[in-house]
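Report on the following structure.
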Amino acid sequence: MVAPPDNDVLWARALRHSHRGDPALIGVSVNVRAGEILAVLGPRGSGKTTLLHCLSGQLVPDEGEVWFNSAPVHTLAEPARERLRRDRFGWIGGDAQLMPELNAWENAALPMLLRGDGHRRSRRTAQEWLERLDIGDVARKRPADLTQAQRQRVAVARSLVTAPAVVFADEPTAALHRPDRAHVLRTLTSAARSHDITVVLTTSDPEIARHADRTMTLVDGRPGAPMPVRDRESASPWPASV
Ligand SMILES: Nc1ncnc2c1ncn2[C@@H]1O[C@H](COP(=O)(O)OP(=O)(O)OP(=O)(O)O)[C@@H](O)[C@H]1O
């Protein structure tokens, strides 16, 4: 094992992973600098979620290495990976996955409450994040009384309350209508930028990737052609075969 460069918060090399014999990642390497917003762009089934699961320690790749802040993740035992995820990483899925019996601030505060932070501090931090994301006024509402875009912003707040080093966002706006997507993305990226939080997000939409500092593409589990985000309007995101 060779330690990664110091300035990469995440560094993964030659990742290979199969699901029940079907290859999902085939030799993927990625590095993410601290504070960077990286988009992983690819069509359905290209391996984006599998890559995010490997980078965030939810999955140990069959082959390859994952490092976080110059420490190996792929060799950690499950309890240590769980602690890493709880203490240093945030997660946003395509569906907000809120607890229906908890209101918005309780959902947002959940990661703090679960790790034993005090009730008052957790509530204050959650409320602050809801306000930064323009949904402070719905803090006492339950998920069933929120719009989908509001629910997704609660999920964004939940990913940020613990001041994580990295937020992983797996197709974070996939379930939203187009006008809501840019808004939720902007709230996530501007919150991350102002708090120096690194974001790795997946998407199949080049428009979403535009919000990132840098984009890497995946096609059939392999790295696709590099596509600088700034050039994306004149470029097709996929090779001609896709
Ligand atoms: N738990 C699993 N069991 C079996 N096959 C899986 C599993 N997870 C993913 N796959 C398969 O691995 C490949 C990559 O899936 P993955 O979800 O990583 O891609 P993706 O780009 O995120 O796609 P999507 O946008 O559809 O979620 C696909 O062929 C998928 O069917």
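For the structure tokens, the naming scheme is as follows: chains receive sequential letters (A, B, ...) according to their order of presentation, residues are indexed from 1 within each chain, and ligands are indexed from 1 in presentation order.
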Would you mind listing the residues within 10 Å of ligand 1, counting only C-alpha atoms and all ligand atoms, as a ChimeraX atom specification? /A:17-25,40-54,94,170-171,174,202-204,218-221
Just C-alpha atoms for this one: save the residues we selected as a short mmCIF file (atom, residue, chain, number, x, y, z; two decimals), in the first residue's frame.
```
data_model
loop_
_atom_site.label_atom_id
_atom_site.label_comp_id
_atom_site.auth_asym_id
_atom_site.auth_seq_id
_atom_site.Cartn_x
_atom_site.Cartn_y
_atom_site.Cartn_z
CA HIS A 17 -16.39 -4.67 -7.33
CA SER A 18 -18.99 -7.20 -8.47
CA HIS A 19 -22.52 -7.79 -7.25
CA ARG A 20 -23.24 -11.53 -7.33
CA GLY A 21 -20.67 -12.03 -10.06
CA ASP A 22 -21.78 -9.03 -12.14
CA PRO A 23 -19.00 -6.44 -12.36
CA ALA A 24 -20.18 -2.98 -11.25
CA LEU A 25 -16.77 -1.27 -10.98
CA VAL A 40 -19.75 11.41 -10.72
CA LEU A 41 -21.73 11.47 -13.95
CA GLY A 42 -23.00 8.34 -15.67
CA PRO A 43 -26.08 6.63 -17.08
CA ARG A 44 -28.19 4.19 -15.08
CA GLY A 45 -26.32 1.11 -13.99
CA SER A 46 -22.88 2.61 -14.68
CA GLY A 47 -21.67 1.95 -11.12
CA LYS A 48 -22.14 5.37 -9.50
CA THR A 49 -23.86 4.10 -6.35
CA THR A 50 -21.38 1.26 -5.99
CA LEU A 51 -18.52 3.77 -6.22
CA LEU A 52 -20.12 6.00 -3.57
CA HIS A 53 -20.66 2.99 -1.29
CA CYS A 54 -16.97 2.04 -1.65
CA GLY A 94 -32.33 10.23 -3.91
CA ASP A 170 -26.42 9.77 -4.39
CA GLU A 171 -28.61 11.32 -7.10
CA ALA A 174 -33.52 12.56 -8.80
CA THR A 202 -23.70 11.21 -8.39
CA THR A 203 -26.00 12.12 -11.22
CA SER A 204 -27.07 11.05 -14.68
CA LEU A 218 -18.49 6.38 -15.46
CA VAL A 219 -19.64 4.09 -18.26
CA ASP A 220 -20.36 0.41 -17.62
CA GLY A 221 -18.30 0.49 -14.43
#
```
Skipping near chain neighbours, those fewer than 4 positions away, what residues fall within 8 Å of range 162-164 of chain A using only C-alpha atoms, listed as a ChimeraX atom specification? /A:87-90,111-112,197
Using N, CA and C atoms, can you write the selected residues to a file as a compact mmCIF listing (two decimals), in the first residue's frame?
```txt
# COMPACT_ATOMS: atom_id res chain seq x y z
N ASP A 87 -19.14 9.72 12.19
CA ASP A 87 -18.46 10.92 12.70
C ASP A 87 -17.95 11.86 11.61
N ARG A 88 -17.60 11.32 10.43
CA ARG A 88 -16.92 12.17 9.45
C ARG A 88 -17.67 12.33 8.13
N PHE A 89 -18.66 11.47 7.90
CA PHE A 89 -19.35 11.51 6.61
C PHE A 89 -20.83 11.83 6.79
N GLY A 90 -21.40 12.49 5.78
CA GLY A 90 -22.84 12.67 5.71
C GLY A 90 -23.34 11.96 4.45
N PRO A 111 -28.71 12.48 13.41
CA PRO A 111 -27.33 12.00 13.56
C PRO A 111 -26.65 12.51 14.83
N MET A 112 -26.99 13.73 15.25
CA MET A 112 -26.41 14.26 16.49
C MET A 112 -26.99 13.53 17.70
N ILE A 197 -16.89 21.90 3.35
CA ILE A 197 -17.24 20.47 3.35
C ILE A 197 -17.07 19.94 1.93
```
Any idea what's packed within 9 Å of Val30 in chain A, counting only C-alpha atoms, ignoring anything in its chain fewer than 4 positions away? Could you give it as a PyMOL selection string? chain A and resi 10-14+216
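Relative to CA of Arg83 in chain A, CA of Asp117 in chain A is found at 14.8 Å.
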Spatial neighbours of Leu176 in chain A, max dist 12 Å, only C-alpha atoms, sep filter under 4 positions, as a PyMOL selection string: chain A and resi 94-96+147-153+171-172+180-185
